[in-house]
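J.: Dropping in final-v3.csv, with CSV, C-alpha atoms and all ligand atoms.
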chain,number,residue,atom,x,y,z
A,16,ALA,CA,57.1,12.2,15.2
A,17,LEU,CA,54.5,14.7,14.1
A,18,VAL,CA,50.7,14.3,14.1
A,19,LEU,CA,48.0,16.5,12.5
A,20,GLY,CA,44.9,16.7,14.7
A,21,ILE,CA,41.4,17.6,13.7
A,22,GLU,CA,38.6,18.5,16.1
A,23,SER,CA,35.0,19.2,15.0
A,24,SER,CA,32.7,17.4,17.5
A,25,CYS,CA,30.9,20.4,18.8
A,26,ASP,CA,31.2,24.1,18.0
A,27,GLU,CA,34.9,24.7,17.7
A,28,THR,CA,36.6,23.9,14.4
A,29,ALA,CA,40.2,23.2,15.3
A,30,VAL,CA,43.4,21.9,13.6
A,31,ALA,CA,46.8,21.4,15.3
A,32,LEU,CA,50.2,19.9,14.6
A,33,VAL,CA,51.8,18.3,17.7
A,34,ASP,CA,55.1,16.4,17.9
A,35,SER,CA,56.3,13.7,20.3
A,36,GLN,CA,58.3,16.3,22.3
A,37,ARG,CA,54.9,17.8,23.2
A,38,ARG,CA,55.4,20.9,21.1
A,39,ILE,CA,52.3,22.4,19.6
A,40,VAL,CA,54.0,23.2,16.3
A,41,ALA,CA,51.0,25.1,14.9
A,42,GLN,CA,47.3,25.4,15.7
A,43,ARG,CA,44.2,27.2,14.6
A,44,ILE,CA,40.9,27.3,16.3
A,45,ALA,CA,37.6,28.9,15.1
A,46,SER,CA,34.9,29.2,17.6
A,47,GLN,CA,31.3,29.4,16.4
A,48,ASP,CA,30.0,31.3,19.4
A,49,ALA,CA,28.7,34.1,17.3
A,50,GLU,CA,26.6,31.7,15.1
A,51,HIS,CA,25.0,29.9,18.0
A,52,ALA,CA,24.6,32.8,20.5
A,53,PRO,CA,21.2,33.9,19.0
A,54,PHE,CA,19.8,30.5,19.8
A,55,GLY,CA,21.3,30.2,23.3
A,56,GLY,CA,23.0,26.9,22.5
A,57,VAL,CA,24.7,24.9,19.8
A,58,VAL,CA,22.5,24.2,16.8
A,59,PRO,CA,23.8,21.0,15.2
A,60,GLU,CA,23.0,21.8,11.6
A,61,ILE,CA,24.6,25.3,11.8
A,62,ALA,CA,27.7,23.7,13.5
A,63,ALA,CA,28.1,21.1,10.8
A,64,ARG,CA,27.8,23.6,8.0
A,65,ALA,CA,30.3,25.9,9.7
A,66,HIS,CA,32.8,23.1,10.1
A,67,ALA,CA,32.4,22.2,6.5
A,68,GLU,CA,33.2,25.7,5.4
A,69,ARG,CA,36.1,26.4,7.6
A,70,LEU,CA,38.0,23.1,8.1
A,71,ALA,CA,39.8,22.8,4.8
A,72,PRO,CA,41.3,26.3,4.7
A,73,MET,CA,42.3,25.9,8.4
A,74,ILE,CA,44.2,22.7,7.6
A,75,ALA,CA,46.0,24.4,4.8
A,76,GLY,CA,46.7,27.3,7.1
A,77,VAL,CA,48.2,25.2,9.9
A,78,LEU,CA,50.5,23.3,7.4
A,79,GLU,CA,51.5,26.7,6.0
A,80,ASP,CA,52.1,28.2,9.5
A,81,ALA,CA,54.4,25.2,10.3
A,82,GLY,CA,56.0,25.3,6.9
A,83,ILE,CA,55.5,21.6,6.4
A,84,ALA,CA,53.8,19.3,3.9
A,85,LEU,CA,51.2,16.7,4.6
A,86,ASP,CA,53.7,14.0,3.8
A,87,ASP,CA,55.8,15.1,6.8
A,88,CYS,CA,53.1,14.0,9.2
A,89,ASP,CA,53.4,10.6,10.7
A,90,ALA,CA,49.6,10.3,11.2
A,91,ILE,CA,46.4,12.1,10.7
A,92,ALA,CA,44.3,12.0,13.9
A,93,ALA,CA,40.7,13.1,14.0
A,94,THR,CA,37.8,13.1,16.5
A,95,ALA,CA,35.5,10.2,15.4
A,96,GLY,CA,33.0,10.8,18.3
A,97,PRO,CA,31.3,11.2,20.6
A,98,GLY,CA,29.6,14.5,19.6
A,99,LEU,CA,27.3,16.1,17.1
A,100,ILE,CA,27.3,13.7,14.2
A,101,GLY,CA,27.3,16.2,11.4
A,102,GLY,CA,30.4,17.9,12.7
A,103,VAL,CA,32.2,14.7,13.5
A,104,MET,CA,31.6,13.4,10.0
A,105,VAL,CA,33.1,16.6,8.5
A,106,GLY,CA,36.3,16.2,10.5
A,107,LEU,CA,36.6,12.5,10.1
A,108,VAL,CA,35.9,12.4,6.4
A,109,SER,CA,38.4,15.2,5.9
A,110,ALA,CA,41.0,13.2,7.8
A,111,LYS,CA,40.3,10.1,5.7
A,112,ALA,CA,40.8,12.1,2.5
A,113,LEU,CA,44.1,13.5,3.7
A,114,ALA,CA,45.3,10.1,5.0
A,115,MET,CA,44.4,8.5,1.6
A,116,ALA,CA,46.0,11.3,-0.4
A,117,SER,CA,49.2,11.3,1.5
A,118,ASP,CA,49.4,7.6,2.3
A,119,THR,CA,49.6,8.4,6.0
A,120,PRO,CA,48.0,6.4,8.8
A,121,LEU,CA,44.5,7.5,10.0
A,122,ILE,CA,43.9,7.5,13.8
A,123,ALA,CA,40.3,7.8,14.9
A,124,ILE,CA,40.3,9.5,18.3
A,125,ASN,CA,37.6,9.4,21.0
A,126,HIS,CA,37.1,13.1,21.9
A,127,LEU,CA,36.8,12.2,25.5
A,128,GLU,CA,40.2,10.4,25.3
A,129,GLY,CA,41.6,13.7,23.9
A,130,HIS,CA,40.4,15.4,27.1
A,131,ALA,CA,41.5,12.5,29.3
A,132,LEU,CA,45.1,12.6,27.9
A,133,SER,CA,45.4,16.4,27.6
A,134,PRO,CA,47.2,16.7,31.0
A,135,ARG,CA,50.0,14.5,29.6
A,136,LEU,CA,50.5,16.9,26.7
A,137,ALA,CA,50.8,19.8,29.1
A,138,ASP,CA,53.1,18.0,31.5
A,139,ALA,CA,55.5,15.2,30.7
A,140,SER,CA,55.6,14.1,34.3
A,141,ILE,CA,52.0,12.9,34.4
A,142,ALA,CA,52.3,9.1,34.4
A,143,PHE,CA,49.6,6.4,34.5
A,144,SER,CA,47.7,5.6,36.6
A,145,TYR,CA,45.8,8.7,37.6
A,146,ALA,CA,42.3,9.7,38.8
A,147,LEU,CA,40.5,11.8,36.3
A,148,LEU,CA,37.6,14.2,36.8
A,149,LEU,CA,36.3,14.8,33.3
A,150,VAL,CA,33.9,17.8,33.4
A,151,SER,CA,32.7,19.2,30.1
A,152,GLY,CA,29.6,20.3,28.2
A,153,GLY,CA,28.3,16.8,27.7
A,154,HIS,CA,30.1,14.7,30.4
A,155,CYS,CA,30.7,14.6,34.1
A,156,GLN,CA,32.6,11.5,35.1
A,157,ILE,CA,35.3,10.2,37.5
A,158,LEU,CA,37.6,7.7,35.8
A,159,ARG,CA,40.6,5.7,36.7
A,160,VAL,CA,43.1,6.1,33.8
A,161,ASP,CA,45.5,3.1,33.7
A,162,GLY,CA,46.9,3.7,30.3
A,163,VAL,CA,46.0,4.7,26.7
A,164,GLY,CA,42.7,3.1,26.1
A,165,GLN,CA,42.4,1.8,29.6
A,166,TYR,CA,39.7,3.7,31.4
A,167,ARG,CA,37.5,2.6,34.2
A,168,ARG,CA,34.5,4.8,35.0
A,169,LEU,CA,33.7,5.1,38.7
A,170,ALA,CA,31.0,7.8,38.5
A,171,THR,CA,28.9,9.6,36.0
A,172,THR,CA,25.9,12.0,36.2
A,173,ILE,CA,22.4,10.8,36.4
A,174,ASP,CA,21.1,13.9,34.6
A,175,ASP,CA,23.0,17.0,33.5
A,176,ALA,CA,26.8,17.4,32.9
A,177,LEU,CA,28.5,20.0,35.0
A,178,GLY,CA,29.2,22.3,32.0
A,179,GLU,CA,25.6,21.9,31.0
A,180,ALA,CA,24.6,23.1,34.5
A,181,PHE,CA,26.9,26.2,34.1
A,182,ASP,CA,25.3,26.8,30.6
A,183,LYS,CA,21.7,26.5,32.0
A,184,THR,CA,22.5,28.8,34.9
A,185,ALA,CA,23.9,31.4,32.5
A,186,LYS,CA,20.8,31.2,30.4
A,187,ILE,CA,18.5,31.6,33.5
A,188,LEU,CA,20.6,34.6,34.6
A,189,GLY,CA,20.6,36.1,31.2
A,190,LEU,CA,24.4,36.0,30.9
A,191,GLY,CA,24.5,34.7,27.4
A,192,PHE,CA,26.3,32.0,25.6
A,193,PRO,CA,28.7,30.2,26.1
A,194,GLY,CA,27.7,30.1,29.8
A,195,GLY,CA,30.6,28.7,31.8
A,196,PRO,CA,33.0,31.6,31.4
A,197,ALA,CA,30.1,34.1,31.9
A,198,VAL,CA,29.1,32.5,35.2
A,199,GLU,CA,32.7,32.5,36.4
A,200,ARG,CA,33.1,36.2,35.5
A,201,THR,CA,29.8,37.2,37.1
A,202,ALA,CA,30.5,35.1,40.2
A,203,LYS,CA,33.6,37.1,41.0
A,204,ASP,CA,31.5,40.0,42.2
A,205,GLY,CA,29.1,37.8,44.1
A,206,ASP,CA,28.7,36.3,47.6
A,207,ALA,CA,28.9,32.5,47.4
A,208,LYS,CA,26.9,32.3,50.7
A,209,ALA,CA,24.1,34.6,49.8
A,210,VAL,CA,21.7,32.1,48.2
A,211,PRO,CA,20.8,28.8,49.8
A,212,LEU,CA,21.2,26.2,47.1
A,213,PRO,CA,21.1,22.4,47.4
A,214,ARG,CA,24.1,20.1,46.9
A,215,PRO,CA,22.5,17.1,45.1
A,216,MET,CA,24.0,13.7,45.9
A,217,VAL,CA,26.3,15.0,48.6
A,218,GLY,CA,26.5,12.3,51.3
A,219,SER,CA,25.6,9.5,49.0
A,220,GLY,CA,27.9,6.5,49.3
A,221,GLU,CA,28.1,6.1,45.5
A,222,PRO,CA,30.2,8.8,43.8
A,223,HIS,CA,27.7,9.7,41.1
A,224,PHE,CA,26.6,13.3,40.2
A,225,SER,CA,23.3,15.1,39.7
A,226,PHE,CA,22.8,18.7,38.7
A,227,ALA,CA,19.2,19.0,37.5
A,228,GLY,CA,18.0,19.9,41.0
A,229,LEU,CA,20.6,22.6,41.5
A,230,LYS,CA,19.6,24.2,38.2
A,231,SER,CA,15.9,24.2,39.2
A,232,ALA,CA,16.9,25.8,42.5
A,233,VAL,CA,18.8,28.5,40.6
A,234,LEU,CA,15.7,29.1,38.6
A,235,ARG,CA,13.6,29.5,41.7
A,236,ALA,CA,16.1,31.8,43.3
A,237,TYR,CA,16.2,34.0,40.2
A,238,GLU,CA,12.4,34.1,39.9
A,239,SER,CA,12.0,35.0,43.6
A,240,GLY,CA,13.5,38.4,42.8
A,241,LYS,CA,15.2,38.3,46.2
A,242,TYR,CA,18.8,38.0,45.0
A,243,GLU,CA,21.5,39.8,43.0
A,244,THR,CA,22.6,38.0,39.8
A,245,ALA,CA,26.2,37.9,40.9
A,246,ASP,CA,25.2,36.3,44.2
A,247,ILE,CA,23.2,33.6,42.5
A,248,ALA,CA,26.2,32.9,40.1
A,249,ALA,CA,28.6,32.7,43.0
A,250,SER,CA,26.3,30.6,45.1
A,251,PHE,CA,25.7,28.2,42.2
A,252,GLN,CA,29.4,27.9,41.5
A,253,GLN,CA,30.2,27.1,45.1
A,254,ALA,CA,27.4,24.5,45.3
A,255,ALA,CA,28.7,22.9,42.1
A,256,VAL,CA,32.2,22.8,43.6
A,257,ASP,CA,31.0,21.3,46.8
A,258,CYS,CA,29.2,18.6,44.9
A,259,VAL,CA,32.3,17.8,42.9
A,260,THR,CA,34.7,17.7,45.9
A,261,ASP,CA,32.3,15.5,47.9
A,262,ARG,CA,31.8,13.0,45.0
A,263,LEU,CA,35.6,12.9,44.4
A,264,ARG,CA,36.2,12.1,48.0
A,265,ILE,CA,34.0,9.1,47.7
A,266,ALA,CA,35.6,7.9,44.5
A,267,LEU,CA,39.2,8.5,45.7
A,268,ALA,CA,38.6,6.3,48.7
A,269,GLY,CA,38.5,3.4,46.2
A,270,MET,CA,41.8,4.4,44.5
A,271,ASP,CA,44.4,4.1,47.3
A,272,ASP,CA,47.2,3.2,44.9
A,273,VAL,CA,46.7,6.2,42.7
A,274,ASP,CA,48.8,9.3,43.6
A,275,THR,CA,47.7,11.9,41.0
A,276,LEU,CA,44.4,13.7,40.6
A,277,VAL,CA,43.8,15.2,37.2
A,278,VAL,CA,41.0,17.4,35.9
A,279,ALA,CA,40.1,17.9,32.2
A,280,GLY,CA,37.3,19.1,30.0
A,281,GLY,CA,35.9,22.6,29.5
A,282,VAL,CA,34.9,23.2,33.2
A,283,ALA,CA,38.5,22.5,34.2
A,284,ALA,CA,39.2,26.0,32.9
A,285,ASN,CA,37.3,27.4,35.9
A,286,ALA,CA,39.6,28.8,38.5
A,287,THR,CA,37.3,28.1,41.5
A,288,VAL,CA,37.0,24.5,40.5
A,289,ARG,CA,40.8,24.2,40.0
A,290,ALA,CA,41.5,25.7,43.4
A,291,ALA,CA,39.1,23.4,45.2
A,292,LEU,CA,40.5,20.3,43.5
A,293,GLU,CA,44.0,21.4,44.3
A,294,GLN,CA,43.1,21.6,48.0
A,295,LEU,CA,41.3,18.3,47.8
A,296,ALA,CA,44.3,16.6,46.3
A,297,ALA,CA,46.6,18.1,48.9
A,298,ALA,CA,44.3,16.8,51.7
A,299,HIS,CA,44.6,13.3,50.2
A,300,GLY,CA,48.4,13.6,49.8
A,301,MET,CA,48.0,13.5,46.0
A,302,ARG,CA,49.6,15.4,43.3
A,303,PHE,CA,47.2,17.7,41.3
A,304,ALA,CA,47.4,18.5,37.6
A,305,ALA,CA,45.2,20.6,35.4
A,306,PRO,CA,46.1,21.5,31.8
A,307,PRO,CA,46.2,25.3,31.0
A,308,PRO,CA,42.7,26.6,30.4
A,309,LYS,CA,43.1,26.7,26.6
A,310,LEU,CA,43.8,23.0,26.6
A,311,CYS,CA,40.7,22.3,28.8
A,312,THR,CA,38.1,23.6,26.3
A,313,ASP,CA,37.8,21.9,23.0
A,314,ASN,CA,40.9,22.1,20.8
A,315,ALA,CA,42.8,20.0,18.3
A,316,ALA,CA,46.1,19.9,20.1
A,317,MET,CA,44.6,17.3,22.5
A,318,ILE,CA,43.4,15.3,19.5
A,319,ALA,CA,46.8,15.4,17.9
A,320,TRP,CA,48.4,14.4,21.2
A,321,ALA,CA,46.1,11.4,21.6
A,322,GLY,CA,47.3,10.5,18.1
A,323,ILE,CA,50.9,10.7,19.3
A,324,GLU,CA,50.0,8.4,22.2
A,325,ARG,CA,48.4,6.0,19.7
A,326,LEU,CA,51.1,6.1,17.0
A,327,GLY,CA,51.2,2.8,15.2
A,328,GLN,CA,47.5,2.6,15.0
A,329,ASP,CA,46.2,2.7,11.4
A,330,ASP,CA,42.4,2.8,11.3
A,331,PRO,CA,40.5,1.6,8.2
A,332,LEU,CA,39.2,4.2,5.8
A,333,ASP,CA,35.6,2.9,6.4
A,334,ILE,CA,35.7,3.5,10.1
A,335,SER,CA,32.4,5.1,11.3
A,336,ALA,CA,31.8,8.4,13.1
A,337,ARG,CA,30.0,7.7,16.4
A,338,PRO,CA,27.5,10.0,18.1
A,339,ARG,CA,28.0,8.0,21.3
A,340,TRP,CA,31.3,6.4,22.3
A,341,PRO,CA,31.9,5.7,26.0
A,342,LEU,CA,35.5,5.7,27.2
A,343,ASP,CA,34.7,2.8,29.5
A,344,PRO,CA,32.5,0.4,27.5
A,345,GLN,CA,32.1,-1.9,30.6
A,346,ALA,CA,30.5,0.9,32.6
A,347,ALA,CA,26.9,0.0,33.6
A,348,PRO,CA,24.2,2.6,32.9
A,349,VAL,CA,23.2,4.6,36.0
A,350,ARG,CA,19.5,5.2,36.2
A,351,GLY,CA,19.1,5.9,32.6
A,352,ALA,CA,22.1,8.2,32.4
A,353,GLY,CA,24.1,8.8,29.2
A,354,VAL,CA,27.7,7.5,28.7
B,401,LIG,P1,32.1,17.0,25.6
B,401,LIG,O1,33.6,17.2,25.7
B,401,LIG,O2,31.5,16.4,26.7
B,401,LIG,O3,31.7,16.4,24.3
B,401,LIG,P2,32.0,19.8,24.8
B,401,LIG,O4,33.1,19.3,23.9
B,401,LIG,O5,30.9,20.6,24.3
B,401,LIG,O6,31.4,18.5,25.5
B,401,LIG,P3,34.0,21.3,26.2
B,401,LIG,O7,34.4,22.2,25.1
B,401,LIG,O8,35.0,20.3,26.7
B,401,LIG,O9,32.6,20.5,26.0
B,401,LIG,O10,33.6,22.2,27.4
B,401,LIG,C1,32.6,23.1,27.2
B,401,LIG,C2,31.8,23.3,28.5
B,401,LIG,O11,32.7,23.8,29.5
B,401,LIG,C3,30.7,24.2,28.4
B,401,LIG,O12,29.6,23.7,29.1
B,401,LIG,C4,31.2,25.5,29.1
B,401,LIG,O13,30.2,26.3,29.7
B,401,LIG,C5,32.1,24.9,30.1
B,401,LIG,N1,33.1,25.9,30.5
B,401,LIG,C6,34.1,26.5,29.7
B,401,LIG,N2,34.8,27.4,30.4
B,401,LIG,C7,34.3,27.4,31.7
B,401,LIG,C8,34.6,28.1,32.9
B,401,LIG,N3,35.5,29.0,32.9
B,401,LIG,N4,33.8,27.8,34.0
B,401,LIG,C9,32.9,26.9,33.9
B,401,LIG,N5,32.5,26.2,32.9
B,401,LIG,C10,33.2,26.4,31.7
B,402,MG,MG,32.4,25.3,22.4
B,403,FE,FE,34.9,18.5,24.7
Would you put the structure from the file into structure tokens?
T.:
Amino acid sequence: ALVLGIESSCDETAVALVDSQRRIVAQRIASQDAEHAPFGGVVPEIAARAHAERLAPMIAGVLEDAGIALDDCDAIAATAGPGLIGGVMVGLVSAKALAMASDTPLIAINHLEGHALSPRLADASIAFSYALLLVSGGHCQILRVDGVGQYRRLATTIDDALGEAFDKTAKILGLGFPGGPAVERTAKDGDAKAVPLPRPMVGSGEPHFSFAGLKSAVLRAYESGKYETADIAASFQQAAVDCVTDRLRIALAGMDDVDTLVVAGGVAANATVRAALEQLAAAHGMRFAAPPPKLCTDNAAMIAWAGIERLGQDDPLDISARPRWPLDPQAAPVRGAGV
């Protein structure tokens, strides 16, 4: 089977064709970094307009690259949320039009499910159930993944997401946008022990996260003028990693029957984060899996893959785009935290 995937929930416009043999038959991705960089973050209106301009030619381009017609697709999968609503609407409405025109099933995908299942696209041997650390620009969660659509959230952040903490740190340090890769690059030349920074929530019996205090401490360290930028970046990255591994230790204690630890989302592209998680998994006698970095940050291959996993689903043409869409609808809010 072959699925066309469309992703437009944030600032990457992306289209991909993926088959059930896990082949990425064709894909195109257009980043809007240049458009948003002057503002130091993603501007929703600019993002929506850029998606609207780029998406249709990119769809035509991907079909052309693959040498296939729309009718050859077994489904059209598009991100239907969560995300910036203008962009999500551009992608979802385009998918509806294609599905209608080609009489092909529409599959509305939760962007977070795209991230959550991406390790299975990269590696056929990743079977349910697995423990998932989902670390992205908008989310920081630990989930138990028991199957497609079966997600139990064990932890979330009470304030900032981990990717957001990287982005804010980059902004404070003047490293530009997007922040995560810039912090990682800068940290390579720094001493991770040079700057004393807090590890919020470490030691707490609940596995939740908090990064607002770490970001404030980064700001104070920067403003003190006592430290090199590279040392602050490296110390921040290490503090973040220490928080993540401590929180995971608590969460994994409640998942004795799960033998695989998986990381996904944009921050999973970070080599220091990956290395620390690999060690943690080994210490727990667990297998560790992380998709290749290009499948960690936003892309349409993961959306097409989620469509493959959901083949047989045929969503109605009036299905709504959703700015919020928790993977685990049963999860209770944590001190006013988001989904
Ligand atoms: P969400 O998936 O929660 O809706 P999003 O789609 O904006 O949010 P992703 O594209 O999955 O997020 O991830 C982007 C985030 O990942 C950004 O915060 C970015 O700084 C971070 N990131 C990307 N690469 C790295 C890296 N190498 N190191 C650390 N963080 C990174
Ligand atoms: Mg982006
Ligand atoms: Fe994402």
J.: I'd like to know which of A:Gln328, A:Gln294, A:Ser335, A:Ser35 is closest to Leu121 of chain A, using all atoms listed in the file.
T.: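 The closest residue to Leu121 of chain A is A:Gln328.
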J.: With 12 Å as the cut-off and only C-alpha atoms counted, what is the closest atom pair between each nearby residue of segment 122-235 of chain A and segment 260-264 of chain A? Distances in Å to one decimal, ordered by chain and number, as a tab-separated table.
T.:
residue	atom	partner	partner_atom	distance
A:Ala146	CA	A:Leu263	CA	9.3
A:Leu147	CA	A:Leu263	CA	9.5
A:Leu148	CA	A:Leu263	CA	8.0
A:Leu149	CA	A:Leu263	CA	11.3
A:Cys155	CA	A:Arg262	CA	11.1
A:Gln156	CA	A:Leu263	CA	9.9
A:Ile157	CA	A:Leu263	CA	7.4
A:Leu158	CA	A:Leu263	CA	10.2
A:Arg159	CA	A:Leu263	CA	11.7
A:Leu169	CA	A:Leu263	CA	9.8
A:Ala170	CA	A:Arg262	CA	8.4
A:Thr171	CA	A:Arg262	CA	10.0
A:Thr172	CA	A:Arg262	CA	10.6
A:Arg214	CA	A:Asp261	CA	9.5
A:Pro215	CA	A:Arg262	CA	10.2
A:Met216	CA	A:Arg262	CA	7.9
A:Val217	CA	A:Asp261	CA	6.1
A:Gly218	CA	A:Asp261	CA	7.4
A:Ser219	CA	A:Arg262	CA	8.2
A:Gly220	CA	A:Arg262	CA	8.7
A:Glu221	CA	A:Arg262	CA	7.8
A:Pro222	CA	A:Arg262	CA	4.7
A:His223	CA	A:Arg262	CA	6.6
A:Phe224	CA	A:Arg262	CA	7.1
A:Ser225	CA	A:Arg262	CA	10.2
J.: What does the file look like for those residues with C-alpha atoms, as a PDB file, keeping the file's coordinate frame?
T.:
ATOM      1  CA  ALA A 146      42.300   9.700  38.800  1.00  0.00           C
ATOM      2  CA  LEU A 147      40.500  11.800  36.300  1.00  0.00           C
ATOM      3  CA  LEU A 148      37.600  14.200  36.800  1.00  0.00           C
ATOM      4  CA  LEU A 149      36.300  14.800  33.300  1.00  0.00           C
ATOM      5  CA  CYS A 155      30.700  14.600  34.100  1.00  0.00           C
ATOM      6  CA  GLN A 156      32.600  11.500  35.100  1.00  0.00           C
ATOM      7  CA  ILE A 157      35.300  10.200  37.500  1.00  0.00           C
ATOM      8  CA  LEU A 158      37.600   7.700  35.800  1.00  0.00           C
ATOM      9  CA  ARG A 159      40.600   5.700  36.700  1.00  0.00           C
ATOM     10  CA  LEU A 169      33.700   5.100  38.700  1.00  0.00           C
ATOM     11  CA  ALA A 170      31.000   7.800  38.500  1.00  0.00           C
ATOM     12  CA  THR A 171      28.900   9.600  36.000  1.00  0.00           C
ATOM     13  CA  THR A 172      25.900  12.000  36.200  1.00  0.00           C
ATOM     14  CA  ARG A 214      24.100  20.100  46.900  1.00  0.00           C
ATOM     15  CA  PRO A 215      22.500  17.100  45.100  1.00  0.00           C
ATOM     16  CA  MET A 216      24.000  13.700  45.900  1.00  0.00           C
ATOM     17  CA  VAL A 217      26.300  15.000  48.600  1.00  0.00           C
ATOM     18  CA  GLY A 218      26.500  12.300  51.300  1.00  0.00           C
ATOM     19  CA  SER A 219      25.600   9.500  49.000  1.00  0.00           C
ATOM     20  CA  GLY A 220      27.900   6.500  49.300  1.00  0.00           C
ATOM     21  CA  GLU A 221      28.100   6.100  45.500  1.00  0.00           C
ATOM     22  CA  PRO A 222      30.200   8.800  43.800  1.00  0.00           C
ATOM     23  CA  HIS A 223      27.700   9.700  41.100  1.00  0.00           C
ATOM     24  CA  PHE A 224      26.600  13.300  40.200  1.00  0.00           C
ATOM     25  CA  SER A 225      23.300  15.100  39.700  1.00  0.00           C
TER      26      SER A 225
END
J.: For Asn285 of chain A, which of A:Pro196, A:Met317, A:Ile323, A:Val273 is the closest residue, counting all atoms listed in the file?
T.: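 Ranked by minimum distance to Asn285 of chain A, first place goes to A:Pro196.
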J.: Go through A:Gly205, A:Leu107, A:Lys230, A:Gly195 and flag the residue nearest Asp174 of chain A, using all atoms listed in the file for the distances.
T.: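 For Asp174 of chain A, the nearest of the candidates is A:Lys230.
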J.: For atom CA of Leu332 of chain A and atom FE of ligand FE 403 (chain B), determine how far apart the two atoms are, in Å to one decimal place.
T.: 24.1 Å
J.: How would you report the residues lying within 12 Å of ligand FE 403 (chain B), as a ChimeraX atom specification, if you count all atoms listed in the file?
T.: /A:22-29,94,96-99,125-131,133,149-155,176,178-179,279-284,309-315,317-318
J.: Pick out the residues sitting within 12 Å of Gln47 of chain A, and hand them over as a PDB file with C-alpha atoms, keeping the file's coordinate frame; count only C-alpha atoms, and ignore anything fewer than 2 positions along from it in its own chain.
T.:
ATOM      1  CA  SER A  23      35.000  19.200  15.000  1.00  0.00           C
ATOM      2  CA  CYS A  25      30.900  20.400  18.800  1.00  0.00           C
ATOM      3  CA  ASP A  26      31.200  24.100  18.000  1.00  0.00           C
ATOM      4  CA  GLU A  27      34.900  24.700  17.700  1.00  0.00           C
ATOM      5  CA  THR A  28      36.600  23.900  14.400  1.00  0.00           C
ATOM      6  CA  ALA A  29      40.200  23.200  15.300  1.00  0.00           C
ATOM      7  CA  ILE A  44      40.900  27.300  16.300  1.00  0.00           C
ATOM      8  CA  ALA A  45      37.600  28.900  15.100  1.00  0.00           C
ATOM      9  CA  ALA A  49      28.700  34.100  17.300  1.00  0.00           C
ATOM     10  CA  GLU A  50      26.600  31.700  15.100  1.00  0.00           C
ATOM     11  CA  HIS A  51      25.000  29.900  18.000  1.00  0.00           C
ATOM     12  CA  ALA A  52      24.600  32.800  20.500  1.00  0.00           C
ATOM     13  CA  PRO A  53      21.200  33.900  19.000  1.00  0.00           C
ATOM     14  CA  GLY A  56      23.000  26.900  22.500  1.00  0.00           C
ATOM     15  CA  VAL A  57      24.700  24.900  19.800  1.00  0.00           C
ATOM     16  CA  VAL A  58      22.500  24.200  16.800  1.00  0.00           C
ATOM     17  CA  PRO A  59      23.800  21.000  15.200  1.00  0.00           C
ATOM     18  CA  ILE A  61      24.600  25.300  11.800  1.00  0.00           C
ATOM     19  CA  ALA A  62      27.700  23.700  13.500  1.00  0.00           C
ATOM     20  CA  ALA A  63      28.100  21.100  10.800  1.00  0.00           C
ATOM     21  CA  ARG A  64      27.800  23.600   8.000  1.00  0.00           C
ATOM     22  CA  ALA A  65      30.300  25.900   9.700  1.00  0.00           C
ATOM     23  CA  HIS A  66      32.800  23.100  10.100  1.00  0.00           C
ATOM     24  CA  GLU A  68      33.200  25.700   5.400  1.00  0.00           C
ATOM     25  CA  ARG A  69      36.100  26.400   7.600  1.00  0.00           C
ATOM     26  CA  PHE A 192      26.300  32.000  25.600  1.00  0.00           C
ATOM     27  CA  PRO A 193      28.700  30.200  26.100  1.00  0.00           C
ATOM     28  CA  ASP A 313      37.800  21.900  23.000  1.00  0.00           C
TER      29      ASP A 313
END
J.: Measuring atom to atom with all atoms listed in the file, identify which of A:Gly322, A:Gly194, A:Pro72, A:Gly240 is nearest to ligand LIG 401 (chain B).
T.: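 That would be A:Gly194, the residue with the smallest distance to ligand LIG 401 (chain B).
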J.: Residues within 9 Å of Ala232 of chain A, please, as a PyMOL selection string. Count all atoms listed in the file; anything in the same chain fewer than 4 positions from it doesn't count.
T.: chain A and resi 211-213+227-228+236-237
J.: Those residues with C-alpha atoms, as a PDB file, in the coordinates of the input please?
T.:
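Writing done, so here's out35.pdb:
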ATOM      1  CA  PRO A 211      20.800  28.800  49.800  1.00  0.00           C
ATOM      2  CA  LEU A 212      21.200  26.200  47.100  1.00  0.00           C
ATOM      3  CA  PRO A 213      21.100  22.400  47.400  1.00  0.00           C
ATOM      4  CA  ALA A 227      19.200  19.000  37.500  1.00  0.00           C
ATOM      5  CA  GLY A 228      18.000  19.900  41.000  1.00  0.00           C
ATOM      6  CA  ALA A 236      16.100  31.800  43.300  1.00  0.00           C
ATOM      7  CA  TYR A 237      16.200  34.000  40.200  1.00  0.00           C
TER       8      TYR A 237
END
J.: Given the choices A:Ala90, A:Ala81, A:Ala347, A:Val233, which gets closest to Gly20 of chain A if the distance is worked out from only C-alpha atoms?
T.: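 For Gly20 of chain A, the nearest of the candidates is A:Ala90.
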J.: Residues at most 6 Å from Ile122 of chain A, counting all atoms listed in the file, excluding those fewer than 4 positions away in the same chain, as a short mmCIF file (atom, residue, chain, number, x, y, z; two decimals) with C-alpha atoms, in the coordinates of the input?
T.:
data_model
loop_
_atom_site.label_atom_id
_atom_site.label_comp_id
_atom_site.auth_asym_id
_atom_site.auth_seq_id
_atom_site.Cartn_x
_atom_site.Cartn_y
_atom_site.Cartn_z
CA ALA A 92 44.30 12.00 13.90
CA ASP A 329 46.20 2.70 11.40
CA ASP A 330 42.40 2.80 11.30
#
J.: Taking 4 positions as the minimum chain separation for residues in the same chain, which residues sit within 12 Å of segment 111-119 of chain A when counting only C-alpha atoms? Answer as a ChimeraX atom specification.
T.: /A:17-21,71,74-75,84-95,104-107,123,326-336
